[in-house]
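A.B. asks: Below is coords_14.pdb; it holds PDB, C-alpha atoms and all ligand atoms.
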```pdb
MODEL        1
ATOM      1  CA  MET A   1      88.856 116.513 118.515
ATOM      2  CA  LYS A   2      85.401 115.075 119.119
ATOM      3  CA  VAL A   3      84.216 116.281 115.721
ATOM      4  CA  ILE A   4      87.126 114.645 113.931
ATOM      5  CA  LEU A   5      86.645 111.397 115.823
ATOM      6  CA  GLY A   6      82.934 111.457 115.029
ATOM      7  CA  SER A   7      83.495 111.819 111.302
ATOM      8  CA  LEU A   8      86.045 109.009 111.296
ATOM      9  CA  ILE A   9      83.565 106.647 112.912
ATOM     10  CA  LEU A  10      80.894 107.676 110.409
ATOM     11  CA  THR A  11      83.227 107.005 107.463
ATOM     12  CA  THR A  12      84.139 103.556 108.771
ATOM     13  CA  THR A  13      80.481 102.650 109.224
ATOM     14  CA  LEU A  14      79.521 103.721 105.726
ATOM     15  CA  ILE A  15      82.150 101.791 103.780
ATOM     16  CA  GLY A  16      80.492  98.681 102.425
ATOM     17  CA  ALA A  17      77.168  99.318 104.163
ATOM     18  CA  GLY A  18      74.287  98.465 101.826
ATOM     19  CA  SER A  19      76.670  97.078  99.227
ATOM     20  CA  LYS A  20      75.469  93.556  98.438
ATOM     21  CA  PRO A  21      77.116  90.730  96.468
ATOM     22  CA  TYR A  22      76.110  90.406  92.824
ATOM     23  CA  LYS A  23      73.187  87.951  92.532
ATOM     24  CA  GLY A  24      73.721  87.128  96.228
ATOM     25  CA  LYS A  25      76.931  85.243  95.429
ATOM     26  CA  ILE A  26      79.970  86.274  97.472
ATOM     27  CA  HIS A  27      83.253  86.160  95.557
ATOM     28  CA  GLU A  28      85.644  83.617  97.035
ATOM     29  CA  ILE A  29      89.366  84.286  97.438
ATOM     30  CA  PRO A  30      91.428  82.480  96.224
ATOM     31  CA  GLY A  31      89.481  82.807  93.003
ATOM     32  CA  LYS A  32      88.540  84.986  90.082
ATOM     33  CA  ILE A  33      86.353  88.075  90.422
ATOM     34  CA  GLU A  34      84.854  89.267  87.144
ATOM     35  CA  ALA A  35      85.193  93.066  87.093
ATOM     36  CA  GLU A  36      81.630  93.283  85.747
ATOM     37  CA  HIS A  37      80.339  91.421  88.839
ATOM     38  CA  TYR A  38      80.648  94.368  91.231
ATOM     39  CA  ASP A  39      78.162  94.612  94.094
ATOM     40  CA  GLU A  40      74.490  95.424  93.809
ATOM     41  CA  GLY A  41      73.235  98.626  95.415
ATOM     42  CA  ASP A  42      72.600 102.265  94.736
ATOM     43  CA  PRO A  43      75.098 104.625  93.087
ATOM     44  CA  GLY A  44      77.377 105.934  95.834
ATOM     45  CA  VAL A  45      76.812 102.701  97.793
ATOM     46  CA  ALA A  46      77.936  99.851  95.524
ATOM     47  CA  TYR A  47      79.738 101.944  92.915
ATOM     48  CA  HIS A  48      80.402 105.450  91.675
ATOM     49  CA  ASP A  49      80.298 106.092  87.919
ATOM     50  CA  LEU A  50      80.836 109.459  86.277
ATOM     51  CA  ASP A  51      79.620 108.863  82.714
ATOM     52  CA  LYS A  52      76.238 110.508  82.199
ATOM     53  CA  LYS A  53      75.529 108.192  79.281
ATOM     54  CA  ASN A  54      75.530 104.462  79.971
ATOM     55  CA  HIS A  55      78.109 103.158  77.510
ATOM     56  CA  GLY A  56      78.417  99.605  76.295
ATOM     57  CA  ALA A  57      76.340  96.492  76.813
ATOM     58  CA  ASP A  58      73.033  96.087  78.631
ATOM     59  CA  TYR A  59      74.477  93.318  80.787
ATOM     60  CA  ARG A  60      73.074  94.109  84.234
ATOM     61  CA  GLY A  61      69.952  96.126  83.541
ATOM     62  CA  PRO A  62      69.644  99.401  85.452
ATOM     63  CA  THR A  63      73.170 100.337  86.500
ATOM     64  CA  GLN A  64      75.322 103.305  85.603
ATOM     65  CA  VAL A  65      78.548 101.358  85.310
ATOM     66  CA  ASP A  66      79.801 101.030  81.749
ATOM     67  CA  ILE A  67      80.168  97.340  80.871
ATOM     68  CA  GLU A  68      81.648  96.305  77.569
ATOM     69  CA  LYS A  69      80.783  93.147  75.670
ATOM     70  CA  ARG A  70      83.995  91.660  74.298
ATOM     71  CA  GLN A  71      84.691  88.180  72.977
ATOM     72  CA  ASP A  72      88.288  88.098  74.213
ATOM     73  CA  ALA A  73      87.268  88.765  77.829
ATOM     74  CA  SER A  74      86.514  86.231  80.536
ATOM     75  CA  ASN A  75      82.718  85.892  80.840
ATOM     76  CA  GLY A  76      82.456  87.817  77.531
ATOM     77  CA  HIS A  77      82.369  91.151  79.339
ATOM     78  CA  GLY A  78      84.597  93.666  81.113
ATOM     79  CA  LEU A  79      84.620  97.169  82.502
ATOM     80  CA  GLY A  80      85.022  99.961  79.984
ATOM     81  CA  TRP A  81      84.943 103.757  80.026
ATOM     82  CA  THR A  82      86.577 104.002  83.459
ATOM     83  CA  ARG A  83      87.094 107.571  84.680
ATOM     84  CA  GLU A  84      89.270 109.196  87.323
ATOM     85  CA  GLY A  85      87.335 109.130  90.602
ATOM     86  CA  GLU A  86      85.118 106.143  89.811
ATOM     87  CA  TRP A  87      85.009 103.115  92.133
ATOM     88  CA  LEU A  88      83.340  99.706  92.444
ATOM     89  CA  ASN A  89      82.753  97.400  95.421
ATOM     90  CA  TYR A  90      83.192  93.616  95.491
ATOM     91  CA  THR A  91      81.983  91.660  98.526
ATOM     92  CA  VAL A  92      84.441  88.825  99.062
ATOM     93  CA  GLU A  93      85.114  85.915 101.410
ATOM     94  CA  VAL A  94      88.817  85.404 101.997
ATOM     95  CA  LYS A  95      89.291  81.725 102.889
ATOM     96  CA  GLN A  96      92.752  81.997 104.413
ATOM     97  CA  THR A  97      94.863  84.783 105.865
ATOM     98  CA  GLY A  98      98.054  85.156 103.868
ATOM     99  CA  THR A  99      99.857  86.524 100.850
ATOM    100  CA  TYR A 100      98.271  86.452  97.416
ATOM    101  CA  ASN A 101      99.347  87.154  93.857
ATOM    102  CA  LEU A 102      96.912  89.007  91.665
ATOM    103  CA  GLU A 103      96.337  88.823  87.894
ATOM    104  CA  ILE A 104      94.364  91.500  86.070
ATOM    105  CA  PRO A 105      93.843  91.590  82.274
ATOM    106  CA  VAL A 106      93.599  95.202  81.074
ATOM    107  CA  ALA A 107      93.379  97.058  77.770
ATOM    108  CA  SER A 108      94.220 100.602  76.804
ATOM    109  CA  ASN A 109      94.733 102.566  73.599
ATOM    110  CA  LYS A 110      97.711 104.797  74.576
ATOM    111  CA  LYS A 111      98.907 104.783  78.188
ATOM    112  CA  GLY A 112      96.094 104.409  80.737
ATOM    113  CA  GLY A 113      95.780 105.684  84.285
ATOM    114  CA  ILE A 114      96.440 104.369  87.777
ATOM    115  CA  PHE A 115      94.040 102.415  89.985
ATOM    116  CA  HIS A 116      94.268 100.438  93.233
ATOM    117  CA  LEU A 117      92.305  98.005  95.383
ATOM    118  CA  ALA A 118      91.346  98.931  98.939
ATOM    119  CA  ILE A 119      89.712  97.317 101.971
ATOM    120  CA  ASP A 120      88.167  99.636 104.567
ATOM    121  CA  GLY A 121      89.954 102.542 102.925
ATOM    122  CA  LYS A 122      93.354 100.849 103.176
ATOM    123  CA  ASN A 123      95.258 100.455  99.910
ATOM    124  CA  ILE A 124      96.133  96.725  99.563
ATOM    125  CA  THR A 125      97.859  96.740  96.151
ATOM    126  CA  GLY A 126      99.671 100.060  95.839
ATOM    127  CA  PRO A 127      99.286 102.008  92.590
ATOM    128  CA  ILE A 128      98.608  99.862  89.508
ATOM    129  CA  GLN A 129      99.550 101.555  86.232
ATOM    130  CA  ILE A 130      97.629 100.469  83.132
ATOM    131  CA  PRO A 131     100.060 100.478  80.197
ATOM    132  CA  ASP A 132      99.457 101.034  76.492
ATOM    133  CA  THR A 133      98.453  97.498  75.452
ATOM    134  CA  GLY A 134      98.394  98.410  71.755
ATOM    135  CA  GLY A 135      94.656  99.116  71.509
ATOM    136  CA  TRP A 136      91.303  98.900  73.309
ATOM    137  CA  GLN A 137      90.794  95.424  71.780
ATOM    138  CA  ILE A 138      94.084  93.998  73.103
ATOM    139  CA  LEU A 139      94.055  92.617  76.659
ATOM    140  CA  LYS A 140      97.376  92.225  78.476
ATOM    141  CA  LEU A 141      97.830  90.478  81.821
ATOM    142  CA  LEU A 142      99.086  92.592  84.732
ATOM    143  CA  LYS A 143     100.634  90.736  87.679
ATOM    144  CA  ILE A 144     100.695  92.223  91.168
ATOM    145  CA  GLU A 145     102.633  90.282  93.768
ATOM    146  CA  LYS A 146     102.389  89.915  97.525
ATOM    147  CA  VAL A 147      98.954  91.295  98.363
ATOM    148  CA  LYS A 148      98.206  90.646 102.032
ATOM    149  CA  LEU A 149      94.679  89.547 102.928
ATOM    150  CA  THR A 150      92.973  88.600 106.170
ATOM    151  CA  LYS A 151      90.466  85.747 106.427
ATOM    152  CA  GLY A 152      86.802  86.675 106.467
ATOM    153  CA  ARG A 153      84.027  88.516 104.671
ATOM    154  CA  GLN A 154      84.940  92.017 103.512
ATOM    155  CA  VAL A 155      84.448  94.520 100.723
ATOM    156  CA  ILE A 156      87.227  95.141  98.202
ATOM    157  CA  ARG A 157      86.930  98.477  96.447
ATOM    158  CA  ALA A 158      88.545  99.109  93.044
ATOM    159  CA  VAL A 159      89.375 102.819  92.878
ATOM    160  CA  MET A 160      90.241 104.647  89.644
ATOM    161  CA  ASP A 161      92.861 107.186  90.751
ATOM    162  CA  THR A 162      93.960 108.853  87.530
ATOM    163  CA  LYS A 163      93.397 108.866  83.806
ATOM    164  CA  GLY A 164      96.191 108.554  81.260
ATOM    165  CA  PRO A 165      96.780 110.002  77.797
ATOM    166  CA  SER A 166      94.089 107.481  76.715
ATOM    167  CA  GLY A 167      91.521 109.747  78.441
ATOM    168  CA  SER A 168      90.503 106.837  80.677
ATOM    169  CA  THR A 169      91.943 104.685  83.469
ATOM    170  CA  GLY A 170      91.611 101.551  81.327
ATOM    171  CA  ASP A 171      89.481  98.517  80.509
ATOM    172  CA  ILE A 172      89.513  95.778  83.174
ATOM    173  CA  ASP A 173      88.414  92.149  82.650
ATOM    174  CA  TYR A 174      88.812  90.458  86.052
ATOM    175  CA  PHE A 175      90.809  90.231  89.295
ATOM    176  CA  LYS A 176      92.272  86.776  90.011
ATOM    177  CA  PHE A 177      93.747  86.067  93.450
ATOM    178  CA  GLU A 178      96.081  83.102  93.947
ATOM    179  CA  LYS A 179      97.538  82.169  97.304
ATOM    180  CA  VAL A 180     101.336  82.235  97.489
ATOM    181  CA  GLN A 181     102.465  78.810  98.685
ATOM    182  CA  LYS A 182     105.111  78.688 101.378
ATOM    183  CA  ARG A 183     108.113  76.531 100.511
TER     184      ARG A 183
HETATM  185 CA    CA A 201      82.325 104.989  83.640
HETATM  186 CA    CA A 202      85.191  89.812  82.659
ENDMDL
END
```
Let me see the file written as structure tokens.

C.D. replies:
Amino acid sequence: MKVILGSLILTTTLIGAGSKPYKGKIHEIPGKIEAEHYDEGDPGVAYHDLDKKNHGADYRGPTQVDIEKRQDASNGHGLGWTREGEWLNYTVEVKQTGTYNLEIPVASNKKGGIFHLAIDGKNITGPIQIPDTGGWQILKLLKIEKVKLTKGRQVIRAVMDTKGPSGSTGDIDYFKFEKVQKR
């Protein structure tokens, strides 16, 4: 029992440790988080990328994550070449505890895979399936409703769970959180 407890404590300590906000700027929620603005830090700390070759644009200098330059994307860039098992951290400041709706533009040639967002290892969105959007160059907006968030600074992790017939999880432009207003 002690061994199991020990490893649980270790896991909790490691999540988010050493993962630092991109350019020192914490993402604010409500707000838009560019997928290409994942945290700074070493591989295995701020992100995990499986592609040996660094695909795409030289947007952030030395990083293994594959960032694609695309004119139709917000900030002119998005994540590309996402693989099953990859993940990225985003340090955020949630301004208000409550329920949020989430918008995520994605692209996939053939059906993509499933991903989710997590905080401290807890899945906050449930499985998000990336559909066939009609091609890698066609972004479609996914809407995820009723994501519960607690006020404060925390690390959101985007986790690529599976790949689809496309061979990838899918291209991701940004994550936009909007607070659900009570009526
Ligand atoms: Ca990759
Ligand atoms: Ca983007």

A.B. asks: Applying 8 Å and all atoms listed in the file, which residues near A:Trp81 remain after dropping the ones on its own chain fewer than 4 positions away? List them as a ChimeraX atom specification.

C.D. replies: /A:51,55,66,168-171

A.B. asks: What box, with edges along x, y and z, holds each listed atom of stretch 140-148 of chain A when 3 Å is added on every side, and can you state its centre and edge lengths in Å to one decimal, as AutoDock Vina command-line options?

C.D. replies:
```
--center_x 100.0 --center_y 91.3 --center_z 90.3 --size_x 11.3 --size_y 8.7 --size_z 29.6
```

A.B. asks: Where does chain A meet ligand CA 202 (chain A) within 9 Å, residue by residue, with the nearest atom pair and distance in Å to one decimal for each, counting all atoms listed in the file, listed by chain and rising number, as a tab-separated table?

C.D. replies:
```
residue	atom	partner	partner_atom	distance
A:Ile33	CA	A:CA202	CA	8.0
A:Glu34	CA	A:CA202	CA	4.5
A:Ala35	CA	A:CA202	CA	5.5
A:Glu36	CA	A:CA202	CA	5.9
A:His37	CA	A:CA202	CA	8.0
A:Glu68	CA	A:CA202	CA	9.0
A:Lys69	CA	A:CA202	CA	8.9
A:Arg70	CA	A:CA202	CA	8.6
A:Ala73	CA	A:CA202	CA	5.4
A:Ser74	CA	A:CA202	CA	4.4
A:Asn75	CA	A:CA202	CA	5.0
A:Gly76	CA	A:CA202	CA	6.1
A:His77	CA	A:CA202	CA	4.6
A:Gly78	CA	A:CA202	CA	4.2
A:Leu79	CA	A:CA202	CA	7.4
A:Pro105	CA	A:CA202	CA	8.8
A:Ile172	CA	A:CA202	CA	7.4
A:Asp173	CA	A:CA202	CA	4.0
A:Tyr174	CA	A:CA202	CA	5.0
A:Phe175	CA	A:CA202	CA	8.7
```

A.B. asks: Please report the interatomic distance between atom CA of A:Glu145 and atom CA of A:Val106 in Å with one decimal.

C.D. replies: 16.3 Å

A.B. asks: Within 10 Å of ligand CA 201 (chain A), which residues show up when you count all atoms listed in the file? List them as a list in words, please.

C.D. replies: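 So, counting all atoms listed in the file, the residues near ligand CA 201 (chain A) are His48, Asp49, Leu50, Asp51, Lys52, Lys53, Asn54, His55, Gly56, Gln64, Val65, Asp66, Ile67, Leu79, Gly80, Trp81, Thr82, Arg83, Glu84, Gly85, Glu86, Trp87, Met160, Ser168 and Thr169 of chain A.
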
A.B. asks: Might you pull out every residue within 8 Å of A:Phe177, with all atoms listed in the file counted and same-chain residues fewer than 6 positions away left off, and present them as a list in words?

C.D. replies: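 Listed by chain and then number, they are Ile29, Pro30, Gly31, Lys32, Tyr100, Asn101, Leu102 and Glu103 of chain A.
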
A.B. asks: Hey, which of A:Leu88, A:Ile144, A:Ala118, A:Val45 ends up closest to A:Lys176? Count all atoms listed in the file.

C.D. replies: A:Ile144

A.B. asks: Atom CA of A:Ala46 and atom CA of A:Ser19 are how many Å apart?

C.D. replies: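 For atom CA of A:Ala46 relative to atom CA of A:Ser19, the distance reads 4.8 Å.
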
A.B. asks: Using Å and a single decimal, report how far atom CA of A:Gly18 sits from atom CA of A:Asp120.

C.D. replies: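 Atom CA of A:Asp120 sits 14.2 Å away from atom CA of A:Gly18.
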
A.B. asks: From the block you just saw, export stretch 150-164 of chain A: N, CA and C atoms, as a PDB file, in the first residue's frame.

C.D. replies:
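Saved to selection-v2.pdb:
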```
ATOM      1  N   THR A 150     -12.321  25.409 -12.338  1.00  0.00           N
ATOM      2  CA  THR A 150     -12.194  26.040 -11.033  1.00  0.00           C
ATOM      3  C   THR A 150     -11.220  27.203 -11.144  1.00  0.00           C
ATOM      4  N   LYS A 151     -11.551  28.299 -10.473  1.00  0.00           N
ATOM      5  CA  LYS A 151     -10.716  29.505 -10.483  1.00  0.00           C
ATOM      6  C   LYS A 151      -9.274  29.203 -10.050  1.00  0.00           C
ATOM      7  N   GLY A 152      -8.340  29.863 -10.710  1.00  0.00           N
ATOM      8  CA  GLY A 152      -6.950  29.757 -10.288  1.00  0.00           C
ATOM      9  C   GLY A 152      -6.004  29.349 -11.403  1.00  0.00           C
ATOM     10  N   ARG A 153      -4.707  29.373 -11.064  1.00  0.00           N
ATOM     11  CA  ARG A 153      -3.675  28.996 -12.023  1.00  0.00           C
ATOM     12  C   ARG A 153      -3.540  27.477 -12.057  1.00  0.00           C
ATOM     13  N   GLN A 154      -3.529  26.916 -13.253  1.00  0.00           N
ATOM     14  CA  GLN A 154      -3.404  25.472 -13.418  1.00  0.00           C
ATOM     15  C   GLN A 154      -2.869  25.139 -14.806  1.00  0.00           C
ATOM     16  N   VAL A 155      -2.577  23.874 -15.015  1.00  0.00           N
ATOM     17  CA  VAL A 155      -2.053  23.443 -16.306  1.00  0.00           C
ATOM     18  C   VAL A 155      -3.082  22.551 -16.993  1.00  0.00           C
ATOM     19  N   ILE A 156      -3.512  22.990 -18.192  1.00  0.00           N
ATOM     20  CA  ILE A 156      -4.405  22.165 -19.008  1.00  0.00           C
ATOM     21  C   ILE A 156      -3.530  21.361 -19.956  1.00  0.00           C
ATOM     22  N   ARG A 157      -3.779  20.062 -20.010  1.00  0.00           N
ATOM     23  CA  ARG A 157      -3.016  19.215 -20.922  1.00  0.00           C
ATOM     24  C   ARG A 157      -3.930  18.693 -22.032  1.00  0.00           C
ATOM     25  N   ALA A 158      -3.519  18.919 -23.287  1.00  0.00           N
ATOM     26  CA  ALA A 158      -4.228  18.349 -24.439  1.00  0.00           C
ATOM     27  C   ALA A 158      -3.579  17.006 -24.750  1.00  0.00           C
ATOM     28  N   VAL A 159      -4.378  15.943 -24.693  1.00  0.00           N
ATOM     29  CA  VAL A 159      -3.848  14.584 -24.850  1.00  0.00           C
ATOM     30  C   VAL A 159      -4.428  13.930 -26.106  1.00  0.00           C
ATOM     31  N   MET A 160      -3.550  13.502 -27.010  1.00  0.00           N
ATOM     32  CA  MET A 160      -3.981  12.805 -28.221  1.00  0.00           C
ATOM     33  C   MET A 160      -4.164  11.317 -27.866  1.00  0.00           C
ATOM     34  N   ASP A 161      -5.418  10.872 -27.856  1.00  0.00           N
ATOM     35  CA  ASP A 161      -5.714   9.509 -27.401  1.00  0.00           C
ATOM     36  C   ASP A 161      -5.578   8.473 -28.509  1.00  0.00           C
ATOM     37  N   THR A 162      -6.133   8.787 -29.679  1.00  0.00           N
ATOM     38  CA  THR A 162      -6.118   7.809 -30.763  1.00  0.00           C
ATOM     39  C   THR A 162      -5.860   8.510 -32.098  1.00  0.00           C
ATOM     40  N   LYS A 163      -5.498   7.706 -33.081  1.00  0.00           N
ATOM     41  CA  LYS A 163      -5.445   8.227 -34.446  1.00  0.00           C
ATOM     42  C   LYS A 163      -6.632   7.643 -35.210  1.00  0.00           C
ATOM     43  N   GLY A 164      -7.004   8.317 -36.288  1.00  0.00           N
ATOM     44  CA  GLY A 164      -8.102   7.830 -37.123  1.00  0.00           C
ATOM     45  C   GLY A 164      -7.579   7.269 -38.419  1.00  0.00           C
TER      46      GLY A 164
END
```
